[in-house]
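A short write-up of the structure that comes next.
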Amino acid sequence: MERSVILVSGRVQKVGYRSKVIALAQEMGIVGWVGNLPDGRVKVVAEGDAAVLDRFASALKVKNSLIEVAAVEVERHDATGEFDDFSKLVDRGETDSRLDRSAELLKELIDVTRHGFSDLGQKMDRMLDKQDQMLDKQDETIAAIKGIDSKMDRMLDKQDIMIDKQDQMLDKQDQMLDKQDQMLDKQDMMIDKQDQMLDKQDQMLDKQDETTGEVRGLRSDMKGSFDMRLERIETALKEKGII
């Protein structure tokens with residue numbers, strides 16, 4: 001544990017600075033006190049862990065719309081352990097803690113008034129810009145969708161045309177198949193007729209074979225008859241002494 005004696009200069013009196021110091025000390029678990037000096041500075045006596053005291057001294061460099069710390073001077077001493085909490089020294093004629101709290105709230109209100117509404121306006125402008133960008137993108141998206149719709153319509157029209165042509169081709173194929181069936185039927189009929197003709201040709205050949213056999217028989221009969229007659233004639237001629 002150590003003690004830090006801190007002198008803070010700048011615009012630090014009658015602006016709620018001591019209330020800020022008390023809030024920081026309570027937040028960091030530091031004990032001691034804070035008070036105004038006649039020369040316009042603020043004195044802080046704080047005891048606590050050395051590392052925590054370093055962070056505390058750094059946090060005392062406050063700058064906002066009311067408070068503006070110009071310098072923080074720190075002296076280190078041994079801790080005495082005399083403090084139980086962190087308090088504010090109030091001289092005669094100074095405001096009490098409730099008025100200091102009012103000053104703190106006023107400071108916050110001024111911050112909001114000076115910066116908050118300005119930031120809000122800037123944020124609103126950015127939001128409006130983004131909304132405009134979103135609307136532009138939505139318009140682009142709608143235009144793209146419309147373009148896709150028109151392309152889809154054209155594609156569907158082409159598909160309908162292709163389907164119609166396919167139907168026509170299928171109809172023609174059906175007609176061709178019907179004609180092929182008719183041709184096959186005619187071929188079957190022709191084959192049947194050819195079979196009939198072949199059967200008749202076979203019958204004619206059979207008859208020709210019979211006729212040929214009969215002709216051959218007649219020829220052999222006639223030859224035998226002629227031979228007998230010739231022998232008789234030859235014999236008669238020999239008997240008469242002619243030959």
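In the structure tokens, chains take letters A, B, ... by order of appearance, with residues numbered from 1 within each chain and ligands from 1 in the order shown.
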(request) Just the residues within 8 Å of Leu60 (chain A), please, counting only C-alpha atoms, with nothing from its chain fewer than 2 positions along; format it as a count of residues only. (result) 7
Tell me, which residues of region 3-180 of chain A carry DSSP helix (DSSP H, G or I), written as a PDB file with C-alpha atoms, in the first residue's frame?
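Done, and the output landed in part15.pdb:
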```
ATOM      1  CA  TYR A  17     -14.475  17.491 -11.012  1.00  0.00           C
ATOM      2  CA  ARG A  18     -14.326  16.349  -7.389  1.00  0.00           C
ATOM      3  CA  SER A  19     -17.435  14.192  -7.882  1.00  0.00           C
ATOM      4  CA  LYS A  20     -15.688  12.609 -10.849  1.00  0.00           C
ATOM      5  CA  VAL A  21     -12.609  11.910  -8.684  1.00  0.00           C
ATOM      6  CA  ILE A  22     -14.765  10.320  -5.974  1.00  0.00           C
ATOM      7  CA  ALA A  23     -16.481   8.069  -8.552  1.00  0.00           C
ATOM      8  CA  LEU A  24     -13.114   6.953  -9.945  1.00  0.00           C
ATOM      9  CA  ALA A  25     -11.702   6.269  -6.457  1.00  0.00           C
ATOM     10  CA  GLN A  26     -14.737   4.246  -5.386  1.00  0.00           C
ATOM     11  CA  GLU A  27     -14.602   2.277  -8.615  1.00  0.00           C
ATOM     12  CA  MET A  28     -10.924   1.394  -8.070  1.00  0.00           C
ATOM     13  CA  ALA A  50       0.799   1.098  -6.176  1.00  0.00           C
ATOM     14  CA  ALA A  51      -0.350  -0.202  -9.575  1.00  0.00           C
ATOM     15  CA  VAL A  52      -3.932   0.904  -8.879  1.00  0.00           C
ATOM     16  CA  LEU A  53      -2.695   4.343  -7.847  1.00  0.00           C
ATOM     17  CA  ASP A  54      -0.883   4.646 -11.214  1.00  0.00           C
ATOM     18  CA  ARG A  55      -4.107   3.888 -13.079  1.00  0.00           C
ATOM     19  CA  PHE A  56      -5.992   6.290 -10.812  1.00  0.00           C
ATOM     20  CA  ALA A  57      -3.555   9.146 -11.528  1.00  0.00           C
ATOM     21  CA  SER A  58      -3.868   8.494 -15.248  1.00  0.00           C
ATOM     22  CA  ALA A  59      -7.688   8.455 -15.018  1.00  0.00           C
ATOM     23  CA  SER A  97     -22.698  16.837  -2.841  1.00  0.00           C
ATOM     24  CA  ARG A  98     -26.188  17.126  -4.303  1.00  0.00           C
ATOM     25  CA  LEU A  99     -25.267  20.304  -6.157  1.00  0.00           C
ATOM     26  CA  ASP A 100     -22.068  18.629  -7.400  1.00  0.00           C
ATOM     27  CA  ARG A 101     -24.201  15.782  -8.718  1.00  0.00           C
ATOM     28  CA  SER A 102     -26.432  18.319 -10.436  1.00  0.00           C
ATOM     29  CA  ALA A 103     -23.351  19.860 -12.035  1.00  0.00           C
ATOM     30  CA  GLU A 104     -22.281  16.405 -13.239  1.00  0.00           C
ATOM     31  CA  LEU A 105     -25.710  15.772 -14.759  1.00  0.00           C
ATOM     32  CA  LEU A 106     -25.630  19.218 -16.368  1.00  0.00           C
ATOM     33  CA  LYS A 107     -22.245  18.404 -17.846  1.00  0.00           C
ATOM     34  CA  GLU A 108     -23.604  15.184 -19.332  1.00  0.00           C
ATOM     35  CA  LEU A 109     -26.579  17.095 -20.725  1.00  0.00           C
ATOM     36  CA  ILE A 110     -24.247  19.632 -22.325  1.00  0.00           C
ATOM     37  CA  ASP A 111     -22.206  16.789 -23.836  1.00  0.00           C
ATOM     38  CA  VAL A 112     -25.327  15.304 -25.338  1.00  0.00           C
ATOM     39  CA  THR A 113     -26.507  18.694 -26.582  1.00  0.00           C
ATOM     40  CA  ARG A 114     -23.153  19.624 -28.124  1.00  0.00           C
ATOM     41  CA  HIS A 115     -22.100  16.311 -29.516  1.00  0.00           C
ATOM     42  CA  GLY A 116     -24.929  13.838 -29.225  1.00  0.00           C
ATOM     43  CA  PHE A 117     -27.357  15.580 -31.528  1.00  0.00           C
ATOM     44  CA  SER A 118     -24.577  16.374 -33.962  1.00  0.00           C
ATOM     45  CA  ASP A 119     -23.520  12.725 -33.978  1.00  0.00           C
ATOM     46  CA  LEU A 120     -27.162  11.731 -34.252  1.00  0.00           C
ATOM     47  CA  GLY A 121     -27.580  13.994 -37.263  1.00  0.00           C
ATOM     48  CA  GLN A 122     -24.476  12.527 -38.881  1.00  0.00           C
ATOM     49  CA  LYS A 123     -25.680   9.022 -38.139  1.00  0.00           C
ATOM     50  CA  MET A 124     -29.073   9.879 -39.587  1.00  0.00           C
ATOM     51  CA  ASP A 125     -27.354  11.197 -42.721  1.00  0.00           C
ATOM     52  CA  ARG A 126     -25.329   7.997 -42.980  1.00  0.00           C
ATOM     53  CA  MET A 127     -28.456   5.939 -42.424  1.00  0.00           C
ATOM     54  CA  LEU A 128     -30.262   7.880 -45.142  1.00  0.00           C
ATOM     55  CA  ASP A 129     -27.308   7.404 -47.480  1.00  0.00           C
ATOM     56  CA  LYS A 130     -27.342   3.687 -46.778  1.00  0.00           C
ATOM     57  CA  GLN A 131     -31.098   3.581 -47.282  1.00  0.00           C
ATOM     58  CA  ASP A 132     -30.624   5.337 -50.628  1.00  0.00           C
ATOM     59  CA  GLN A 133     -27.950   2.776 -51.535  1.00  0.00           C
ATOM     60  CA  MET A 134     -30.263  -0.040 -50.467  1.00  0.00           C
ATOM     61  CA  LEU A 135     -33.079   1.430 -52.560  1.00  0.00           C
ATOM     62  CA  ASP A 136     -30.744   1.735 -55.536  1.00  0.00           C
ATOM     63  CA  LYS A 137     -29.693  -1.889 -55.082  1.00  0.00           C
ATOM     64  CA  GLN A 138     -33.332  -2.897 -54.738  1.00  0.00           C
ATOM     65  CA  ASP A 139     -34.081  -1.065 -57.990  1.00  0.00           C
ATOM     66  CA  GLU A 140     -31.159  -2.870 -59.622  1.00  0.00           C
ATOM     67  CA  THR A 141     -32.393  -6.170 -58.216  1.00  0.00           C
ATOM     68  CA  ILE A 142     -35.935  -5.504 -59.465  1.00  0.00           C
ATOM     69  CA  ALA A 143     -34.571  -4.548 -62.878  1.00  0.00           C
ATOM     70  CA  ALA A 144     -32.463  -7.701 -62.915  1.00  0.00           C
ATOM     71  CA  ILE A 145     -35.481  -9.782 -61.900  1.00  0.00           C
ATOM     72  CA  LYS A 146     -37.532  -8.169 -64.655  1.00  0.00           C
ATOM     73  CA  GLY A 147     -34.742  -8.935 -67.094  1.00  0.00           C
ATOM     74  CA  ILE A 148     -34.698 -12.524 -65.876  1.00  0.00           C
ATOM     75  CA  ASP A 149     -38.490 -12.664 -66.239  1.00  0.00           C
ATOM     76  CA  SER A 150     -38.305 -11.450 -69.827  1.00  0.00           C
ATOM     77  CA  LYS A 151     -35.527 -13.941 -70.566  1.00  0.00           C
ATOM     78  CA  MET A 152     -37.536 -16.692 -68.937  1.00  0.00           C
ATOM     79  CA  ASP A 153     -40.551 -15.719 -71.048  1.00  0.00           C
ATOM     80  CA  ARG A 154     -38.416 -15.877 -74.197  1.00  0.00           C
ATOM     81  CA  MET A 155     -36.996 -19.215 -73.108  1.00  0.00           C
ATOM     82  CA  LEU A 156     -40.490 -20.554 -72.434  1.00  0.00           C
ATOM     83  CA  ASP A 157     -41.650 -19.301 -75.839  1.00  0.00           C
ATOM     84  CA  LYS A 158     -38.713 -21.066 -77.483  1.00  0.00           C
ATOM     85  CA  GLN A 159     -39.417 -24.189 -75.502  1.00  0.00           C
ATOM     86  CA  ASP A 160     -43.051 -24.071 -76.647  1.00  0.00           C
ATOM     87  CA  ILE A 161     -41.849 -23.739 -80.259  1.00  0.00           C
ATOM     88  CA  MET A 162     -39.450 -26.645 -79.768  1.00  0.00           C
ATOM     89  CA  ILE A 163     -42.219 -28.746 -78.217  1.00  0.00           C
ATOM     90  CA  ASP A 164     -44.521 -27.937 -81.157  1.00  0.00           C
ATOM     91  CA  LYS A 165     -41.788 -28.952 -83.588  1.00  0.00           C
ATOM     92  CA  GLN A 166     -41.168 -32.120 -81.642  1.00  0.00           C
ATOM     93  CA  ASP A 167     -44.882 -32.881 -81.780  1.00  0.00           C
ATOM     94  CA  GLN A 168     -44.817 -32.316 -85.547  1.00  0.00           C
ATOM     95  CA  MET A 169     -41.785 -34.577 -85.872  1.00  0.00           C
ATOM     96  CA  LEU A 170     -43.502 -37.254 -83.803  1.00  0.00           C
ATOM     97  CA  ASP A 171     -46.609 -36.977 -85.993  1.00  0.00           C
ATOM     98  CA  LYS A 172     -44.451 -37.380 -89.091  1.00  0.00           C
ATOM     99  CA  GLN A 173     -42.669 -40.318 -87.518  1.00  0.00           C
ATOM    100  CA  ASP A 174     -46.053 -41.893 -86.770  1.00  0.00           C
ATOM    101  CA  GLN A 175     -47.078 -41.356 -90.396  1.00  0.00           C
ATOM    102  CA  MET A 176     -43.814 -42.879 -91.589  1.00  0.00           C
ATOM    103  CA  LEU A 177     -44.319 -45.861 -89.314  1.00  0.00           C
ATOM    104  CA  ASP A 178     -47.844 -46.290 -90.641  1.00  0.00           C
ATOM    105  CA  LYS A 179     -46.506 -46.222 -94.202  1.00  0.00           C
ATOM    106  CA  GLN A 180     -43.793 -48.679 -93.260  1.00  0.00           C
TER     107      GLN A 180
END
```
(message) List the spatial neighbours of Glu73 (chain A) as a VMD selection string - criterion: any atom at most 8 Å away, only C-alpha atoms, same-chain residues fewer than 3 positions off excluded.
(response) chain A and resid 6 to 8
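Look at Gly48 (chain A): the protein and nucleic acid residues within 7 Å of it, using only C-alpha atoms and passing over chain neighbours fewer than 5 places away, are Met1, Glu2, Arg3, Ile30, Val31 and Leu53 of chain A.
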